[in-house]
>>> print(open('entry-v3.cif').read())   # mmCIF, C-alpha atoms
data_run
#
loop_
_atom_site.label_atom_id
_atom_site.label_comp_id
_atom_site.auth_asym_id
_atom_site.auth_seq_id
_atom_site.Cartn_x
_atom_site.Cartn_y
_atom_site.Cartn_z
CA MET A 952 -4.46 -23.25 -40.90
CA HIS A 953 -2.11 -25.80 -39.38
CA PRO A 954 1.50 -24.76 -40.11
CA ALA A 955 2.44 -28.20 -41.46
CA ALA A 956 0.10 -27.65 -44.42
CA ALA A 957 1.43 -24.16 -45.20
CA PRO A 958 4.07 -25.17 -47.81
CA LEU A 959 1.46 -27.00 -49.88
CA LEU A 960 -1.17 -24.27 -49.72
CA ASP A 961 1.41 -21.54 -50.33
CA ALA A 962 2.59 -23.37 -53.44
CA LEU A 963 -0.99 -23.45 -54.74
CA ARG A 964 -1.49 -19.75 -54.03
CA ALA A 965 1.69 -18.92 -55.94
CA ARG A 966 0.25 -20.65 -59.03
CA GLY A 967 -2.92 -18.58 -59.09
CA ASP A 968 -5.06 -19.43 -62.08
CA ALA A 969 -2.45 -21.71 -63.66
CA ALA A 970 -3.51 -25.30 -64.25
CA CYS A 971 -3.00 -27.71 -61.38
CA LEU A 972 -4.92 -30.76 -62.63
CA ALA A 973 -5.50 -31.96 -66.17
CA LEU A 974 -8.60 -34.13 -66.50
CA GLU A 975 -9.85 -35.81 -69.62
CA ASP A 976 -12.41 -33.08 -70.31
CA ARG A 977 -10.94 -29.98 -68.67
CA GLU A 978 -8.17 -28.44 -66.60
CA VAL A 979 -8.56 -27.38 -62.97
CA SER A 980 -6.64 -24.34 -61.74
CA ALA A 981 -4.73 -24.05 -58.51
CA ALA A 982 -7.18 -21.33 -57.46
CA ALA A 983 -10.08 -23.75 -57.95
CA ILE A 984 -8.33 -26.38 -55.82
CA LEU A 985 -7.79 -23.79 -53.08
CA ALA A 986 -11.46 -22.84 -53.22
CA ALA A 987 -12.38 -26.52 -52.88
CA VAL A 988 -10.05 -26.80 -49.87
CA GLU A 989 -11.68 -23.79 -48.20
CA HIS A 990 -15.15 -25.22 -48.89
CA ALA A 991 -14.12 -28.60 -47.48
CA VAL A 992 -12.78 -26.94 -44.31
CA GLN A 993 -16.06 -25.08 -43.88
CA GLU A 994 -18.06 -28.27 -44.40
CA ALA A 995 -15.87 -30.15 -41.93
CA GLU A 996 -16.57 -27.53 -39.29
CA LYS A 997 -20.32 -28.15 -39.78
CA LEU A 998 -20.07 -31.91 -39.31
CA PRO A 999 -22.16 -33.44 -36.51
CA LEU A 1000 -18.87 -34.61 -35.06
CA GLU A 1001 -16.29 -32.51 -33.27
CA LEU A 1002 -12.90 -33.20 -34.77
CA THR A 1003 -9.83 -31.96 -32.95
CA GLN A 1004 -6.21 -31.62 -33.94
CA GLY A 1005 -4.51 -35.02 -34.01
CA ASP A 1006 -7.64 -37.04 -34.82
CA VAL A 1007 -7.45 -39.66 -37.55
CA VAL A 1008 -9.97 -39.45 -40.38
CA GLY A 1009 -10.41 -42.00 -43.14
CA LEU A 1010 -10.68 -40.61 -46.68
CA ARG A 1011 -11.68 -42.35 -49.86
CA GLY A 1012 -13.35 -41.33 -53.10
CA ARG A 1013 -13.00 -41.06 -56.83
CA HIS A 1014 -13.56 -37.41 -57.70
CA ALA A 1015 -10.22 -36.08 -58.92
CA ALA A 1016 -10.31 -32.56 -57.46
CA LEU A 1017 -11.47 -33.81 -54.08
CA ARG A 1018 -8.67 -36.35 -54.02
CA LEU A 1019 -6.44 -33.29 -53.61
CA ALA A 1020 -8.78 -30.95 -51.75
CA ALA A 1021 -10.01 -33.36 -49.07
CA PRO A 1022 -6.61 -34.32 -47.61
CA LEU A 1023 -5.38 -30.72 -47.94
CA ALA A 1024 -8.42 -29.59 -45.95
CA ALA A 1025 -7.83 -32.25 -43.31
CA TRP A 1026 -4.17 -31.29 -42.96
CA SER A 1027 -5.18 -27.62 -42.70
CA LEU A 1028 -7.24 -28.62 -39.66
CA GLY A 1029 -4.31 -30.49 -38.13
CA LEU A 1030 -5.79 -33.94 -38.75
CA CYS A 1031 -4.08 -37.16 -39.73
CA THR A 1032 -5.50 -38.80 -42.85
CA GLN A 1033 -5.87 -42.50 -43.45
CA LEU A 1034 -5.98 -42.76 -47.25
CA LEU A 1035 -8.06 -45.71 -48.43
CA SER A 1036 -8.86 -47.41 -51.72
CA ASP A 1037 -12.41 -47.03 -52.98
CA ARG A 1038 -12.04 -50.57 -54.37
CA GLU A 1039 -11.53 -52.07 -50.92
CA PRO A 1040 -14.54 -54.03 -49.56
CA ASP A 1041 -16.42 -52.24 -46.78
CA ALA A 1042 -15.64 -55.01 -44.30
CA SER A 1043 -11.92 -54.60 -44.97
CA VAL A 1044 -12.17 -50.81 -44.68
CA SER A 1045 -13.91 -51.16 -41.33
CA GLY A 1046 -11.00 -53.21 -40.02
CA MET A 1047 -8.45 -50.67 -41.28
CA LEU A 1048 -10.34 -47.78 -39.69
CA ALA A 1049 -10.58 -49.63 -36.38
CA ALA A 1050 -6.85 -50.40 -36.41
CA ALA A 1051 -6.12 -46.71 -36.97
CA GLY A 1052 -8.48 -45.47 -34.26
CA ALA A 1053 -10.20 -43.28 -36.86
CA ARG A 1054 -12.95 -40.92 -35.75
CA CYS A 1055 -14.83 -41.00 -39.04
CA LEU A 1056 -14.80 -42.01 -42.69
CA LEU A 1057 -15.43 -39.35 -45.31
CA ASP A 1058 -16.43 -40.80 -48.65
CA TRP A 1059 -17.26 -38.90 -51.84
CA ARG A 1060 -18.14 -39.52 -55.44
CA GLU A 1061 -18.96 -36.08 -56.84
CA PRO A 1062 -18.48 -32.50 -55.61
CA GLY A 1063 -20.84 -31.75 -52.76
CA VAL A 1064 -21.92 -35.39 -52.42
CA TRP A 1065 -20.37 -36.56 -49.18
CA SER A 1066 -20.98 -39.60 -47.07
CA LEU A 1067 -19.97 -39.30 -43.41
CA LEU A 1068 -19.62 -42.39 -41.27
CA PRO A 1069 -18.96 -41.40 -37.62
CA LEU A 1070 -16.96 -44.00 -35.73
CA GLN A 1071 -16.51 -44.86 -32.08
CA PRO A 1072 -12.94 -46.17 -31.89
CA LYS A 1073 -12.09 -48.38 -28.94
CA ALA A 1074 -8.84 -46.49 -28.53
CA PRO A 1075 -8.88 -43.00 -30.12
CA VAL A 1076 -5.42 -41.83 -31.05
CA GLU A 1077 -3.80 -38.44 -31.36
CA LEU A 1078 -1.17 -38.19 -34.07
CA PRO A 1079 0.91 -35.44 -35.65
CA THR A 1080 -0.57 -34.00 -38.84
CA GLY A 1081 0.22 -36.35 -41.69
CA THR A 1082 -0.81 -39.67 -43.15
CA LEU A 1083 -1.39 -43.31 -42.32
CA LEU A 1084 -0.63 -45.64 -45.21
CA SER A 1085 -1.14 -49.36 -45.16
CA THR A 1086 1.67 -51.67 -46.20
CA SER A 1087 1.84 -55.44 -46.03
CA GLY A 1088 5.63 -55.56 -46.30
CA SER A 1089 6.86 -59.05 -47.07
CA SER A 1090 5.02 -60.81 -44.25
CA GLY A 1091 1.56 -60.22 -45.64
CA THR A 1092 0.45 -58.74 -42.29
CA PRO A 1093 -0.78 -55.17 -42.85
CA LYS A 1094 1.05 -52.41 -41.03
CA LEU A 1095 0.03 -48.79 -40.60
CA VAL A 1096 2.88 -46.48 -41.51
CA HIS A 1097 2.75 -42.97 -40.06
CA HIS A 1098 4.39 -40.02 -41.79
CA GLU A 1099 4.33 -36.46 -40.62
CA LEU A 1100 3.54 -34.02 -43.38
CA GLU A 1101 7.07 -32.61 -43.21
CA GLN A 1102 8.48 -36.02 -44.18
CA HIS A 1103 6.34 -36.18 -47.33
CA ILE A 1104 7.31 -32.62 -48.20
CA ALA A 1105 11.03 -33.31 -47.75
CA SER A 1106 10.71 -36.35 -50.00
CA ALA A 1107 8.80 -34.46 -52.67
CA ARG A 1108 11.25 -31.57 -52.77
CA GLY A 1109 14.23 -33.86 -53.16
CA ALA A 1110 12.51 -35.98 -55.82
CA ALA A 1111 11.34 -32.90 -57.74
CA ALA A 1112 14.89 -31.58 -57.78
CA PHE A 1113 16.21 -34.91 -59.06
CA LEU A 1114 13.55 -35.01 -61.80
CA GLU A 1115 14.03 -31.30 -62.56
CA LEU A 1116 10.29 -30.75 -62.35
CA GLY A 1117 8.76 -27.39 -63.17
CA PRO A 1118 5.60 -25.69 -64.45
CA ASP A 1119 6.21 -26.99 -67.99
CA ASP A 1120 5.96 -30.59 -66.84
CA ARG A 1121 2.93 -32.86 -66.98
CA MET A 1122 2.93 -35.85 -64.63
CA LEU A 1123 0.61 -38.76 -65.36
CA LEU A 1124 -0.92 -40.13 -62.17
CA SER A 1125 -0.17 -43.74 -63.00
CA LEU A 1126 -0.13 -45.10 -59.44
CA PRO A 1127 -2.86 -45.02 -56.74
CA THR A 1128 -2.71 -42.18 -54.23
CA TYR A 1129 -3.38 -44.48 -51.27
CA HIS A 1130 0.12 -45.90 -51.85
CA ALA A 1131 3.36 -44.01 -51.29
CA GLY A 1132 4.27 -43.98 -54.99
CA GLY A 1133 1.11 -42.23 -56.14
CA LEU A 1134 0.92 -39.95 -53.12
CA GLY A 1135 4.51 -38.90 -53.74
CA MET A 1136 3.55 -37.86 -57.26
CA VAL A 1137 0.81 -35.62 -55.84
CA PHE A 1138 3.21 -33.90 -53.43
CA ARG A 1139 5.82 -33.44 -56.18
CA ALA A 1140 3.29 -31.88 -58.54
CA LEU A 1141 1.92 -29.53 -55.87
CA LEU A 1142 5.34 -28.27 -54.80
CA SER A 1143 7.01 -28.04 -58.22
CA GLY A 1144 4.21 -26.40 -60.19
CA ALA A 1145 3.89 -29.39 -62.54
CA VAL A 1146 0.44 -30.29 -63.85
CA LEU A 1147 -0.92 -33.58 -62.52
CA CYS A 1148 -2.74 -35.50 -65.25
CA VAL A 1149 -5.55 -37.61 -63.77
CA PRO A 1150 -7.26 -40.13 -66.08
CA ALA A 1151 -10.90 -41.05 -65.61
CA GLU A 1152 -11.64 -44.08 -63.48
CA ASP A 1153 -10.71 -47.38 -65.16
CA THR A 1154 -9.03 -45.68 -68.15
CA PRO A 1155 -6.34 -48.08 -69.43
CA LEU A 1156 -2.83 -46.82 -68.79
CA ALA A 1157 -1.90 -47.11 -72.46
CA GLU A 1158 -4.84 -44.92 -73.47
CA ALA A 1159 -4.06 -42.32 -70.78
CA LEU A 1160 -0.39 -42.18 -71.77
CA VAL A 1161 -1.18 -41.37 -75.40
CA ARG A 1162 -4.01 -38.95 -74.57
CA PHE A 1163 -2.20 -36.84 -71.95
CA ALA A 1164 1.31 -36.99 -73.48
CA PRO A 1165 3.05 -36.46 -70.12
CA THR A 1166 6.64 -35.39 -69.69
CA GLN A 1167 7.00 -37.50 -66.52
CA ILE A 1168 5.62 -40.91 -65.63
CA SER A 1169 6.31 -43.49 -62.94
CA LEU A 1170 5.92 -47.17 -63.75
CA VAL A 1171 6.52 -50.66 -62.44
CA ALA A 1172 8.17 -53.33 -64.56
CA THR A 1173 4.96 -55.01 -65.73
CA GLN A 1174 3.54 -51.69 -66.94
CA LEU A 1175 6.71 -50.83 -68.85
CA ALA A 1176 6.85 -54.23 -70.54
CA ARG A 1177 3.28 -53.87 -71.79
CA LEU A 1178 3.72 -50.29 -73.00
CA LEU A 1179 6.82 -51.22 -75.01
CA GLU A 1180 4.82 -53.74 -77.03
CA ASP A 1181 2.73 -51.10 -78.84
CA ASP A 1182 4.14 -48.56 -81.31
CA ALA A 1183 2.00 -45.66 -80.06
CA THR A 1184 2.69 -46.16 -76.37
CA ARG A 1185 6.37 -46.82 -77.01
CA ALA A 1186 6.58 -43.52 -78.89
CA ALA A 1187 4.78 -41.74 -76.03
CA LEU A 1188 7.31 -43.13 -73.56
CA CYS A 1189 10.19 -41.98 -75.75
CA ALA A 1190 8.66 -38.47 -75.82
CA CYS A 1191 8.79 -38.22 -72.00
CA ARG A 1192 11.67 -36.46 -70.27
CA THR A 1193 11.80 -39.17 -67.59
CA VAL A 1194 10.25 -42.61 -67.15
CA LEU A 1195 10.90 -43.44 -63.50
CA MET A 1196 10.92 -47.11 -62.57
CA GLY A 1197 10.34 -48.56 -59.13
CA GLY A 1198 8.06 -50.82 -57.14
CA GLY A 1199 10.23 -53.92 -57.43
CA PRO A 1200 12.90 -55.64 -59.51
CA ILE A 1201 13.41 -54.56 -63.12
CA PRO A 1202 14.67 -57.44 -65.28
CA ALA A 1203 17.96 -56.71 -67.03
CA ALA A 1204 16.48 -57.59 -70.42
CA LEU A 1205 13.65 -55.08 -69.88
CA ARG A 1206 16.14 -52.33 -69.04
CA GLU A 1207 18.10 -53.05 -72.21
CA ARG A 1208 14.97 -53.19 -74.33
CA ALA A 1209 13.67 -49.84 -73.07
CA LEU A 1210 17.00 -48.02 -73.32
CA ASP A 1211 17.68 -49.41 -76.80
CA ALA A 1212 14.23 -48.17 -77.87
CA GLY A 1213 15.14 -44.64 -76.75
CA VAL A 1214 13.07 -44.52 -73.56
CA PRO A 1215 14.57 -42.01 -71.06
CA LEU A 1216 14.61 -44.57 -68.27
CA ALA A 1217 15.43 -43.77 -64.65
CA VAL A 1218 15.57 -46.21 -61.75
CA GLY A 1219 14.65 -45.54 -58.15
CA TYR A 1220 14.52 -47.32 -54.82
CA GLY A 1221 12.30 -46.71 -51.85
CA ALA A 1222 9.40 -47.99 -49.79
CA THR A 1223 6.23 -46.80 -48.12
CA GLU A 1224 8.32 -46.12 -45.03
CA THR A 1225 10.69 -43.81 -46.93
CA SER A 1226 8.02 -41.53 -48.48
CA ALA A 1227 8.76 -42.88 -51.98
CA PHE A 1228 12.31 -43.17 -53.26
CA VAL A 1229 15.60 -42.51 -51.45
CA ALA A 1230 17.99 -43.50 -54.25
CA ALA A 1231 17.73 -42.93 -57.99
CA SER A 1232 19.64 -42.43 -61.23
CA ARG A 1233 18.96 -41.23 -64.76
CA ASP A 1234 22.43 -42.12 -66.02
CA PRO A 1235 21.95 -44.75 -68.78
CA GLU A 1236 25.20 -46.45 -67.79
CA VAL A 1237 23.89 -46.92 -64.26
CA VAL A 1238 20.35 -47.80 -65.36
CA ARG A 1239 21.66 -50.48 -67.72
CA ARG A 1240 23.46 -52.37 -64.93
CA PRO A 1241 21.36 -55.29 -63.60
CA GLN A 1242 19.81 -54.73 -60.15
CA SER A 1243 21.06 -51.13 -59.95
CA VAL A 1244 18.73 -48.55 -58.37
CA GLY A 1245 20.94 -45.44 -58.36
CA GLN A 1246 22.70 -43.30 -55.78
CA ALA A 1247 21.35 -41.83 -52.55
CA LEU A 1248 19.52 -38.56 -53.18
CA PRO A 1249 20.57 -35.44 -51.23
CA GLN A 1250 19.72 -35.58 -47.50
CA ARG A 1251 19.04 -39.33 -47.74
CA GLU A 1252 21.28 -41.94 -46.17
CA VAL A 1253 21.77 -45.38 -47.71
CA HIS A 1254 23.96 -47.99 -46.05
CA VAL A 1255 24.53 -51.74 -46.39
CA ASP A 1256 25.37 -53.42 -43.08
CA ALA A 1257 27.65 -56.37 -42.38
CA HIS A 1258 24.82 -58.79 -43.12
CA GLY A 1259 24.12 -57.21 -46.49
CA GLU A 1260 20.88 -55.56 -45.33
CA ILE A 1261 20.06 -52.13 -46.71
CA ARG A 1262 19.45 -49.45 -44.07
CA VAL A 1263 18.21 -45.97 -44.89
CA GLY A 1264 17.75 -42.68 -43.08
CA GLY A 1265 17.11 -38.99 -43.48
CA PRO A 1266 14.26 -36.49 -43.11
CA THR A 1267 11.95 -38.45 -45.44
CA LEU A 1268 11.87 -41.50 -43.18
CA PHE A 1269 8.56 -42.35 -41.49
CA SER A 1270 7.81 -41.71 -37.81
CA GLY A 1271 7.02 -45.36 -37.08
CA TYR A 1272 4.27 -47.95 -37.16
CA LEU A 1273 0.94 -47.36 -35.43
CA VAL A 1274 0.48 -50.19 -32.94
CA ASP A 1275 -2.32 -50.19 -30.35
CA GLY A 1276 -2.79 -46.45 -30.66
CA GLU A 1277 0.88 -45.57 -30.24
CA ILE A 1278 3.66 -44.80 -32.71
CA GLU A 1279 6.23 -47.58 -32.46
CA PRO A 1280 9.62 -46.22 -33.60
CA ALA A 1281 11.47 -48.35 -36.12
CA ARG A 1282 14.85 -46.64 -36.34
CA ASP A 1283 18.05 -47.96 -34.82
CA GLU A 1284 20.43 -45.97 -32.63
CA ALA A 1285 21.96 -44.37 -35.72
CA GLY A 1286 18.56 -43.20 -36.91
CA LEU A 1287 18.40 -45.78 -39.70
CA TRP A 1288 15.58 -48.11 -40.71
CA ALA A 1289 16.34 -51.69 -41.71
CA THR A 1290 14.49 -52.25 -45.00
CA GLY A 1291 14.64 -56.05 -45.10
CA ASP A 1292 16.22 -55.80 -48.55
CA VAL A 1293 19.73 -57.06 -49.21
CA GLY A 1294 22.19 -55.51 -51.61
CA ARG A 1295 25.56 -53.90 -52.11
CA LEU A 1296 27.12 -50.50 -52.78
CA GLU A 1297 29.62 -50.05 -55.59
CA ASP A 1298 31.12 -46.57 -55.98
CA GLY A 1299 28.02 -45.08 -54.40
CA VAL A 1300 25.58 -46.99 -56.64
CA LEU A 1301 23.11 -49.20 -54.77
CA PHE A 1302 22.27 -52.67 -56.09
CA VAL A 1303 19.27 -54.51 -54.62
CA THR A 1304 19.76 -58.26 -54.83
CA GLY A 1305 16.80 -59.62 -52.86
CA ARG A 1306 14.94 -59.86 -49.58
CA ARG A 1307 16.43 -61.13 -46.34
CA ASP A 1308 13.28 -63.11 -45.62
CA ARG A 1309 13.58 -65.00 -48.91
CA MET A 1310 17.19 -66.06 -48.36
CA PHE A 1311 17.75 -69.65 -47.20
CA ILE A 1312 20.75 -71.82 -46.32
CA SER A 1313 21.70 -74.84 -48.38
CA GLY A 1314 24.59 -76.93 -47.10
CA GLY A 1315 25.89 -73.97 -45.09
CA GLU A 1316 25.75 -71.58 -48.08
CA ASN A 1317 23.44 -68.56 -48.35
CA VAL A 1318 21.11 -68.78 -51.34
CA GLN A 1319 19.16 -65.76 -52.57
CA PRO A 1320 16.27 -66.88 -54.83
CA GLU A 1321 16.21 -63.54 -56.66
CA GLU A 1322 19.75 -64.12 -57.93
CA ILE A 1323 18.72 -67.43 -59.51
CA GLU A 1324 15.52 -65.89 -60.91
CA ALA A 1325 17.53 -63.10 -62.56
CA ALA A 1326 19.87 -65.66 -64.13
CA LEU A 1327 16.90 -67.63 -65.44
CA LEU A 1328 15.29 -64.53 -66.92
CA ALA A 1329 18.52 -63.83 -68.85
CA ILE A 1330 18.05 -67.10 -70.76
CA ASP A 1331 16.35 -66.82 -74.17
CA ASP A 1332 12.64 -67.70 -74.17
CA VAL A 1333 12.26 -67.57 -70.37
CA ALA A 1334 9.25 -65.35 -69.75
CA ALA A 1335 8.96 -65.71 -65.97
CA ALA A 1336 10.73 -67.53 -63.17
CA VAL A 1337 10.12 -68.18 -59.47
CA VAL A 1338 12.59 -70.01 -57.22
CA VAL A 1339 11.62 -71.48 -53.84
CA PRO A 1340 13.41 -73.63 -51.25
CA VAL A 1341 12.37 -77.23 -50.61
CA ALA A 1342 13.41 -79.17 -47.51
CA ASP A 1343 16.32 -81.55 -48.08
CA ALA A 1344 17.59 -84.20 -45.65
CA GLU A 1345 21.23 -83.69 -46.59
CA TYR A 1346 21.55 -79.95 -47.26
CA GLY A 1347 18.69 -78.57 -45.17
CA ALA A 1348 17.08 -76.92 -48.21
CA ARG A 1349 17.56 -76.93 -51.95
CA PRO A 1350 16.24 -74.56 -54.65
CA VAL A 1351 13.61 -75.61 -57.17
CA ALA A 1352 12.44 -73.42 -60.04
CA PHE A 1353 9.11 -72.75 -61.72
CA VAL A 1354 9.67 -71.41 -65.23
CA ALA A 1355 7.39 -70.11 -68.00
CA GLY A 1356 8.32 -69.91 -71.67
CA ASP A 1357 8.30 -71.73 -74.99
CA GLY A 1358 10.63 -74.55 -75.92
CA LEU A 1359 12.27 -74.87 -72.53
CA ASP A 1360 13.89 -78.04 -71.21
CA ALA A 1361 15.61 -78.71 -67.91
CA ALA A 1362 18.96 -79.68 -69.41
CA ARG A 1363 19.29 -76.39 -71.32
CA LEU A 1364 18.25 -74.35 -68.30
CA ASP A 1365 20.65 -76.20 -66.01
CA ALA A 1366 23.56 -75.80 -68.42
CA ALA A 1367 22.92 -72.07 -68.78
CA LEU A 1368 22.76 -71.54 -65.03
CA ARG A 1369 25.88 -73.58 -64.27
CA ALA A 1370 27.79 -71.26 -66.62
CA VAL A 1371 27.04 -68.27 -64.38
CA LEU A 1372 26.23 -69.67 -60.91
CA PRO A 1373 27.97 -72.07 -58.51
CA GLY A 1374 26.51 -75.55 -58.33
CA PHE A 1375 24.86 -75.08 -54.93
CA LYS A 1376 22.69 -72.31 -56.44
CA THR A 1377 21.42 -74.32 -59.40
CA PRO A 1378 17.93 -75.77 -58.85
CA ASP A 1379 17.49 -79.48 -58.35
CA VAL A 1380 14.25 -79.51 -60.36
CA TYR A 1381 12.69 -77.28 -63.02
CA TYR A 1382 8.90 -77.21 -63.21
CA ARG A 1383 6.79 -75.60 -65.91
CA MET A 1384 4.83 -72.72 -64.42
CA PRO A 1385 1.04 -73.27 -64.57
CA PRO A 1386 -0.74 -70.89 -66.99
CA ALA A 1387 -2.92 -69.56 -64.15
CA ALA A 1388 0.19 -68.55 -62.18
CA MET A 1389 1.67 -66.86 -65.25
CA SER A 1390 -1.48 -64.83 -65.84
CA GLY A 1391 -1.41 -63.66 -62.23
CA MET A 1392 2.10 -62.22 -62.77
CA LYS A 1393 1.11 -60.06 -65.75
#
>>> encode(input="entry-v3.cif", output="structure tokens")
Amino acid sequence: MHPAAAPLLDALRARGDAACLALEDREVSAAAILAAVEHAVQEAEKLPLELTQGDVVGLRGRHAALRLAAPLAAWSLGLCTQLLSDREPDASVSGMLAAAGARCLLDWREPGVWSLLPLQPKAPVELPTGTLLSTSGSSGTPKLVHHELEQHIASARGAAAFLELGPDDRMLLSLPTYHAGGLGMVFRALLSGAVLCVPAEDTPLAEALVRFAPTQISLVATQLARLLEDDATRAALCACRTVLMGGGPIPAALRERALDAGVPLAVGYGATETSAFVAASRDPEVVRRPQSVGQALPQREVHVDAHGEIRVGGPTLFSGYLVDGEIEPARDEAGLWATGDVGRLEDGVLFVTGRRDRMFISGGENVQPEEIEAALLAIDDVAAAVVVPVADAEYGARPVAFVAGDGLDAARLDAALRAVLPGFKTPDVYYRMPPAAMSGMK
């Protein structure tokens, strides 16, 4: 067994026959997961392909137990796993595997039903035991983010302590495991003794929430807004110990609505590169403040530089990006990673106000579209808002807004914004958002 995997396997052994996974029709014990790991290791050693420590293997599949057992087996062998979506087209997967220098793709649907696709990478790589996760960042160009297993484990331990997770907790797997948010939930459940509740494929989130009655759930803003609309799902949220929010901005009105309904809301901030979140808070007074994402968790560093950019560090931070078969470090001389987000710190509380790559200059003034969008969303009847810059001969660029909602007119919107924003930040034009664009934001 590779030593990097020891903390995860030891945690499973300590649980014995206690439940590790809750499926819709049964529970799976930690002992059963361990047996599946041992079987997977044995099967891997029989493959018509010699895998050596440091090789990259692609993994994808739907079977719940194997979603835990397969990567655990790979890490036990000292391999690096590239976790892939089973919804991704084969052509796209082929490109991702090639970029990672993967030796093979292991695909599964049911226990014992494996599909092995040996690969001949142009440039095989050798990486520390861990994961490769794909992230598009804000540029839209996919990047491969490498984490050593120790970085995931450090993140999970800190997050589990913040959430006060234990064997009495049930965590609903509400995010995909090929992204940092969902994978972080898996690590937290394994190390804390919490039961991971895994819905069947394509089960609606609302149905899974009511059926599994979790004590912990992680959501993005769109999911929370939908779940608050129904009495049953709203009650299920209120019955949780923690509803952790992340994955992007949380409108101020949505925070107020959830807290006023009695939802135990927590906010967090992180990225793929940080192994899930590095700052968080469960304090309602902090959560209620617009754009707040909490304080730095223990052993995490959060700074805002002179340009307003958020920089983070600590043992949960990724190793670097995989570029042409080599890990390209992304930390500065102080060991910090520049997130590309802008914000501020007030008494230790971090506020995220936007992205550096969305900011533009109008007449010599910095304009952050997210600030204008937040002000628009605070206006009654505004359901959605997007602000973009448009070239202007006099000022260089000026903001224009696309707004969705009933009974809106430009004069009312402009008057409301001018009451809270300086004139150079008020849009020149207000357009009604097309219905197709609105449906894509839901």
>>> residues_around(input="entry-v3.cif", residues="stretch 1118-1121 of chain A", least_positions_apart="3", cutoff="7 Å", atoms="only C-alpha atoms", output="list in words")
Ser1143, Gly1144, Ala1145, Val1146, Leu1147, Cys1148, Pro1165, Thr1166 and Gln1167 of chain A
>>> closest_residue(input="entry-v3.cif", among="A:Gly1276, A:Leu1364, A:Asp1182, A:Ala1231", to="A:Leu1048", atoms="only C-alpha atoms")
A:Gly1276
>>> closest_atom_pairs(input="entry-v3.cif", of="stretch 1152-1265 of chain A", to="stretch 1335-1355 of chain A", cutoff="12 Å", atoms="all atoms listed in the file", output="CSV")
residue,atom,partner,partner_atom,distance
A:Thr1173,CA,A:Ala1335,CA,11.4
A:Pro1202,CA,A:Ala1335,CA,10.1
A:Ala1204,CA,A:Ala1335,CA,11.9
>>> residues_around(input="entry-v3.cif", residues="A:Gly1358", least_positions_apart="3", cutoff="10 Å", atoms="only C-alpha atoms", output="list in words")
Asp1331, Asp1332, Val1333, Ala1355 and Arg1363 of chain A
>>> closest_residue(input="entry-v3.cif", among="A:Ala1212, A:Ala987, A:Leu1296, A:Ile1168", to="A:Leu1023", atoms="all atoms listed in the file")
A:Ala987
>>> residues_around(input="entry-v3.cif", residues="A:Asp976", least_positions_apart="2", cutoff="10 Å", atoms="all atoms listed in the file", output="ChimeraX atom specification")
/A:973-974,978,1150-1151
>>> resolve_selection(input="entry-v3.cif", expression="the PyMOL selection byres ((chain A and resi 1099) around 8)", output="JSON, numbers by chain")
{"A": [1079, 1080, 1081, 1082, 1097, 1098, 1100, 1101, 1102, 1103, 1269, 1270]}
>>> write_last_selection(input="entry-v3.cif", atoms="C-alpha atoms", output="PDB file, keeping the file's coordinate frame")
ATOM      1  CA  PRO A1079       0.910 -35.440 -35.650  1.00  0.00           C
ATOM      2  CA  THR A1080      -0.570 -34.000 -38.840  1.00  0.00           C
ATOM      3  CA  GLY A1081       0.220 -36.350 -41.690  1.00  0.00           C
ATOM      4  CA  THR A1082      -0.810 -39.670 -43.150  1.00  0.00           C
ATOM      5  CA  HIS A1097       2.750 -42.970 -40.060  1.00  0.00           C
ATOM      6  CA  HIS A1098       4.390 -40.020 -41.790  1.00  0.00           C
ATOM      7  CA  LEU A1100       3.540 -34.020 -43.380  1.00  0.00           C
ATOM      8  CA  GLU A1101       7.070 -32.610 -43.210  1.00  0.00           C
ATOM      9  CA  GLN A1102       8.480 -36.020 -44.180  1.00  0.00           C
ATOM     10  CA  HIS A1103       6.340 -36.180 -47.330  1.00  0.00           C
ATOM     11  CA  PHE A1269       8.560 -42.350 -41.490  1.00  0.00           C
ATOM     12  CA  SER A1270       7.810 -41.710 -37.810  1.00  0.00           C
TER      13      SER A1270
END
>>> resolve_selection(input="entry-v3.cif", expression="the PyMOL selection byres ((chain A and resi 1073) around 10)", output="list in words")
Ala1049, Ala1050, Gly1052, Ala1053, Leu1070, Gln1071, Pro1072, Ala1074, Pro1075, Val1076 and Gly1276 of chain A
>>> resolve_selection(input="entry-v3.cif", expression="the PyMOL selection byres ((chain A and resi 985) around 12)", output="PyMOL selection string")
chain A and resi 959-968+971+979-984+986-992+1016-1017+1019-1024+1027+1141
